[in-house]
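Engineer: Below are the C-alpha cells for one structure; questions will follow.
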Amino acid sequence: MRSDDNLVAAAKGGDPDAWRELYRAHAGRLVLWLETRVTGLDESADDLAAESWLVAAQKIADFHGSSSEFAGWLFGIARNHAANSRRRTGRRHAVNAALTGEHSVPGPESAYAGAEWVREALQGLPDRERDVVTCLEVLGLDIAATAEALDISAVAVRVARHRGLKKLRG
C-alpha cells in the first residue's frame, strides 16, 4: 500500500489549505484536458471538472498516494464523468431525433478557445494516442499519472506516445 504524503494526509483531514493547494496544482490542467475530450456534449468541461472535484472530496479516504499521484486519480474520475456524459448526450440526441424525425448529429464544438491549432494537430490522431499526447505533452502529467487517468498500463502510454508523436512529426 502506498503511503500518503503530507498534502494528501492534510486533505484527508479536511484541511482547506491542502485542498486549495491540490486545486491550484491540478484544476487548470484538468479543465484543459477535459476541453480536449469534451466536444458536442451537453455538459461543459468546467461542469465535468466540478463534478470530478466533488467526487474526489467525497472519496479522498479511499485514495492512497502522493499529491502527484492524486492527479492521475482525479483525471481518472474526470474520464469516467466524461464517458457518462457522452453516453447521456448520445441517448438524448437519439431520443430527440426519434421524436422529431431528424437523423442529424450535432457538429463538434470548438473545445480549444484560443488554441485551435492544437486541436487541429491532435484531431488526426486515434483517440488513445490523442489522449496520451495531450496528457503528457500539453498538460505535463507524468507517465504514471497518465496511465492511471486513462486506465491503461504505463507501457501502453509509452507506445501510444511514441506512435502519436511520430504521426505528428510526419
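Each chain in the C-alpha cells gets a letter, A, B and so on, in the order shown; residues start at 1 in every chain, and ligands are counted from 1 in the order they appear.
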Please tabulate, as a tab-separated table, the residues of stretch 45-93 of chain A that come within 10 Å of stretch 23-29 of chain A, each with its closest pair of atoms and the distance in Å to one decimal, counting only C-alpha atoms and ordering rows by chain, then residue number upward.

Structural biologist:
residue	atom	partner	partner_atom	distance
A:Asp46	CA	A:Ala27	CA	9.6
A:Ala49	CA	A:Ala27	CA	7.7
A:Ala50	CA	A:Ala27	CA	9.2
A:Trp53	CA	A:Tyr23	CA	8.5
A:Ser67	CA	A:Ala25	CA	9.0
A:Ser68	CA	A:Ala25	CA	9.1
A:Phe70	CA	A:His26	CA	9.0
A:Ala71	CA	A:His26	CA	6.5
A:Gly72	CA	A:His26	CA	9.9
A:Leu74	CA	A:His26	CA	8.6
A:Phe75	CA	A:His26	CA	9.1

Engineer: Neighbours of A:Leu136 within 12 Å (only C-alpha atoms; same-chain residues fewer than 2 positions away dropped), as a list of chain:residue names?

Structural biologist: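 In the requested form, the answer reads A:Arg29, A:Trp33, A:Gly72, A:Glu129, A:Arg130, A:Asp131, A:Val132, A:Val133, A:Thr134, A:Val138, A:Leu139, A:Gly140, A:Leu141, A:Asp142, A:Ile143, A:Ala144, A:Ala145, A:Thr146, A:Ala147, A:Ala149, A:Leu150, A:Ala154, A:Val157, A:Arg158, A:Ala160, A:Arg161, A:His162, A:Gly164, A:Leu165.
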
Engineer: Using only C-alpha atoms, which residue out of A:Ala78, A:Lys167, A:Thr36, A:Ala61 lies closest to A:Leu48?

Structural biologist: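 Checking each of A:Ala78, A:Lys167, A:Thr36, A:Ala61 against A:Leu48, counting only C-alpha atoms, the winner is A:Ala78.
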
Engineer: Using only C-alpha atoms, which residue out of A:Cys135, A:Leu122, A:Leu22, A:Val155 lies closest to A:Val8?

Structural biologist: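 Closest candidate: A:Leu22.
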
Engineer: Kindly give the distance, in Å, that separates atom CA of A:Gln123 and atom CA of A:Ile77, rounded to a single decimal.

Structural biologist: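 If I compute the distance from atom CA of A:Gln123 to atom CA of A:Ile77, I get 23.4 Å.
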
Engineer: Could you pull the residues within 10 Å of A:His64, counting only C-alpha atoms, minus those fewer than 2 positions along the same chain, as a ChimeraX atom specification?

Structural biologist: /A:1-5,8-9,12,60-62,66-67,69-70,73

Engineer: List the neighbours of A:Leu34 out to 8 Å using only C-alpha atoms; skip same-chain residues closer than 3 positions along the sequence, and give me the result as an NGL selection string.

Structural biologist: :A and (30-31 or 37-38 or 45 or 48-49 or 78-79 or 82)
